[in-house]
Structures are given as C-alpha cells and as structure tokens.
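Have a look at final.cif; it's mmCIF, C-alpha atoms:
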```
data_entry
loop_
_atom_site.label_atom_id
_atom_site.label_comp_id
_atom_site.auth_asym_id
_atom_site.auth_seq_id
_atom_site.Cartn_x
_atom_site.Cartn_y
_atom_site.Cartn_z
CA GLY A 16 125.36 79.09 22.67
CA THR A 17 124.17 76.17 24.64
CA GLN A 18 126.46 73.35 25.68
CA ARG A 19 125.37 69.96 24.44
CA SER A 20 126.46 66.52 25.54
CA PHE A 21 128.04 63.92 23.29
CA SER A 22 124.83 61.90 23.52
CA GLN A 23 122.68 64.80 22.30
CA ILE A 24 124.97 65.46 19.36
CA THR A 25 125.07 61.76 18.51
CA GLU A 26 121.27 61.53 18.56
CA GLN A 27 121.04 64.38 16.08
CA LEU A 28 123.67 62.79 13.84
CA CYS A 29 121.78 59.47 13.96
CA GLU A 30 118.60 61.22 12.86
CA LEU A 31 120.48 62.75 9.93
CA ALA A 32 122.07 59.41 9.06
CA GLN A 33 118.67 57.72 9.01
CA SER A 34 117.08 60.41 6.89
CA TYR A 35 119.92 60.20 4.33
CA ARG A 36 120.26 56.40 4.65
CA VAL A 37 123.90 56.43 5.78
CA ASN A 38 125.26 53.08 6.95
CA LEU A 39 128.03 53.14 9.52
CA PRO A 40 130.54 50.31 10.02
CA THR A 41 129.94 48.14 13.06
CA TRP A 42 133.21 49.15 14.74
CA LEU A 43 132.23 52.83 14.55
CA VAL A 44 128.78 52.15 16.01
CA LEU A 45 130.40 50.31 18.94
CA ILE A 46 132.76 53.22 19.60
CA ILE A 47 129.86 55.67 19.51
CA ARG A 48 127.83 53.53 21.91
CA SER A 49 130.79 53.34 24.28
CA MET A 50 131.24 57.10 24.15
CA MET A 51 127.54 57.62 24.88
CA THR A 52 127.80 55.32 27.91
CA LEU A 53 130.84 57.19 29.21
CA ASP A 54 129.10 60.50 28.56
CA GLY A 55 126.16 59.32 30.66
CA PHE A 56 128.42 58.42 33.57
CA ALA A 57 130.34 61.69 33.23
CA SER A 58 127.21 63.82 33.27
CA ALA A 59 125.84 61.92 36.27
CA MET A 60 129.04 62.69 38.20
CA ASN A 61 129.24 66.31 36.98
CA TYR A 62 132.55 65.44 35.27
CA ASN A 63 133.90 67.18 32.17
CA PRO A 64 136.21 64.84 30.21
CA ILE A 65 137.43 67.70 28.00
CA GLU A 66 138.75 69.56 31.05
CA ALA A 67 140.33 66.36 32.35
CA ALA A 68 142.07 65.64 29.03
CA TYR A 69 143.27 69.21 28.50
CA PRO A 70 146.60 68.93 30.40
CA HIS A 71 147.48 65.71 28.55
CA ALA A 72 146.60 67.29 25.20
CA ILE A 73 148.83 70.28 25.92
CA ARG A 74 151.76 68.06 26.93
CA ARG A 75 151.25 65.95 23.82
CA ALA A 76 151.13 69.02 21.58
CA LEU A 77 154.32 70.41 23.11
CA ALA A 78 156.20 67.10 22.82
CA PRO A 79 155.26 65.55 19.46
CA VAL A 80 156.44 62.03 18.75
CA THR A 81 157.11 62.27 15.02
CA GLN A 82 160.17 63.83 13.44
CA ASP A 83 158.00 66.31 11.50
CA GLY A 84 156.15 67.25 14.67
CA ARG A 85 159.39 67.92 16.51
CA LYS A 86 160.66 70.05 13.64
CA ALA A 87 157.42 72.04 13.61
CA GLY A 88 157.43 72.57 17.36
CA SER A 89 159.23 75.62 18.59
CA SER A 90 158.76 75.12 22.31
CA ARG A 91 161.67 74.57 24.68
CA GLU A 92 160.07 71.31 25.85
CA GLY A 93 159.81 70.05 22.27
CA ARG A 94 163.49 70.79 21.62
CA GLN A 95 164.45 69.02 24.86
CA VAL A 96 162.48 65.93 23.84
CA ASP A 97 164.27 65.99 20.49
CA ARG A 98 167.69 66.22 22.18
CA ASN A 99 166.82 63.38 24.58
CA ARG A 100 165.73 61.11 21.72
CA LYS A 101 168.85 61.93 19.75
CA GLU A 102 171.05 61.08 22.74
CA GLU A 103 169.13 57.82 23.27
CA GLY A 104 169.68 56.92 19.62
CA GLU A 105 173.40 57.60 19.90
CA ARG A 106 173.64 55.40 23.01
CA GLU A 107 171.77 52.59 21.24
CA ARG A 108 174.08 52.81 18.22
CA LYS A 109 177.13 52.61 20.52
CA LYS A 110 175.67 49.54 22.25
CA GLU A 111 175.01 47.88 18.89
CA GLY A 112 178.57 48.64 17.81
CA LYS A 113 179.97 46.98 20.95
CA LYS A 114 177.78 43.90 20.40
CA GLU A 115 178.99 43.52 16.80
CA ARG A 116 182.65 43.63 17.89
CA ASN A 117 182.07 40.90 20.48
CA TYR A 118 181.15 38.34 17.79
#
```
Can you dump the structure from the file as structure tokens?
Amino acid sequence: GTQRSFSQITEQLCELAQSYRVNLPTWLVLIIRSMMTLDGFASAMNYNPIEAAYPHAIRRALAPVTQDGRKAGSSREGRQVDRNRKEEGERERKKEGKKERNY
C-alpha cells in the first residue's frame, strides 16, 4: 500500500482517541509531539529514520544484553559476546579476591 509518515498515523490515532474519549498521559503526549517534530525534519530532508536505525537494530538483535537473550541467540556474534562477558566476570572476581586478601 501507501507509505505514511509518523505524523499522518498519529493524526489518525488522535482522531480515534478523541472520538472514543481516550486520555493519554502527559509524558506520552510529549513523546508523540517530539516524534512528530523529528518526522517533519526527516521528511523535509528526505531522510528515512527506519533505514538509518536498521544496522543498529540488527547488531542489537545479534548481541542481546540479557542472559535469556544470549541463550536464545544462536549467532556466532551472540556467542562471542557471551564468552567476552564471562571472561570479564572472571577477571572481576579475581580482582575482588586480590583486594580481599590485601585487607
């Protein structure tokens, strides 16, 4: 179908919210307004933030930060991140052990 901007989608959601009398928290309204402003700048510069964020999203998906995420990931990069964190933890425990013996 047709590609719509964040601002267009937000306008339609606002119309629905008004017709069903939905009240949004102030913090959410401020975030939406900020996103609409950024969307306006992006469209004026012919910039697609989804395309710009895509490489970061892929890296983040392949290197999760939680233990469950690392277990679920089967990529080589994810396993390497897990090994690196494990090694860092072992080094930290060794440092803590040396500090305790010094007292």
Hey, what's within 12 Å of stretch 29-33 of chain A if we count all atoms listed in the file and toss same-chain stuff fewer than 6 positions away? As a list in words, please?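 Residues meeting the cut-off are Ser22, Gln23, Leu39, Val44, Ile47 and Arg48 of chain A.
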Computed gap from atom CA of A:Gly84 to atom CA of A:Gly104 is 17.7 Å
Among the residues A:Ser34, A:Ser20, A:Thr41, A:Asn99, the one that comes closest to A:Asn61 [using all atoms listed in the file]: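 The answer is A:Ser20, which sits nearest to A:Asn61.
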Kindly give the distance, in Å, that separates atom CA of A:Arg19 and atom CA of A:Leu43, rounded to a single decimal.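 Answer for the atom CA of A:Arg19 to atom CA of A:Leu43 separation: 20.9 Å.
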Looking at all atoms listed in the file, which of A:Lys110, A:Ala68, A:Val37, A:Phe21 is the one that sits closest to A:Asp54?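 Checking each candidate against A:Asp54, we get A:Phe21 as the closest.
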Would you work out the distance separating atom CA of A:Thr52 from atom CA of A:Tyr35, expressed in Å to one decimal?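 So the two atoms, atom CA of A:Thr52 and atom CA of A:Tyr35, lie 25.3 Å apart.
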Exercise: A:Pro64 partners within 10 Å, all atoms listed in the file, chain neighbours under 6 positions left out, as a count of residues only: 4
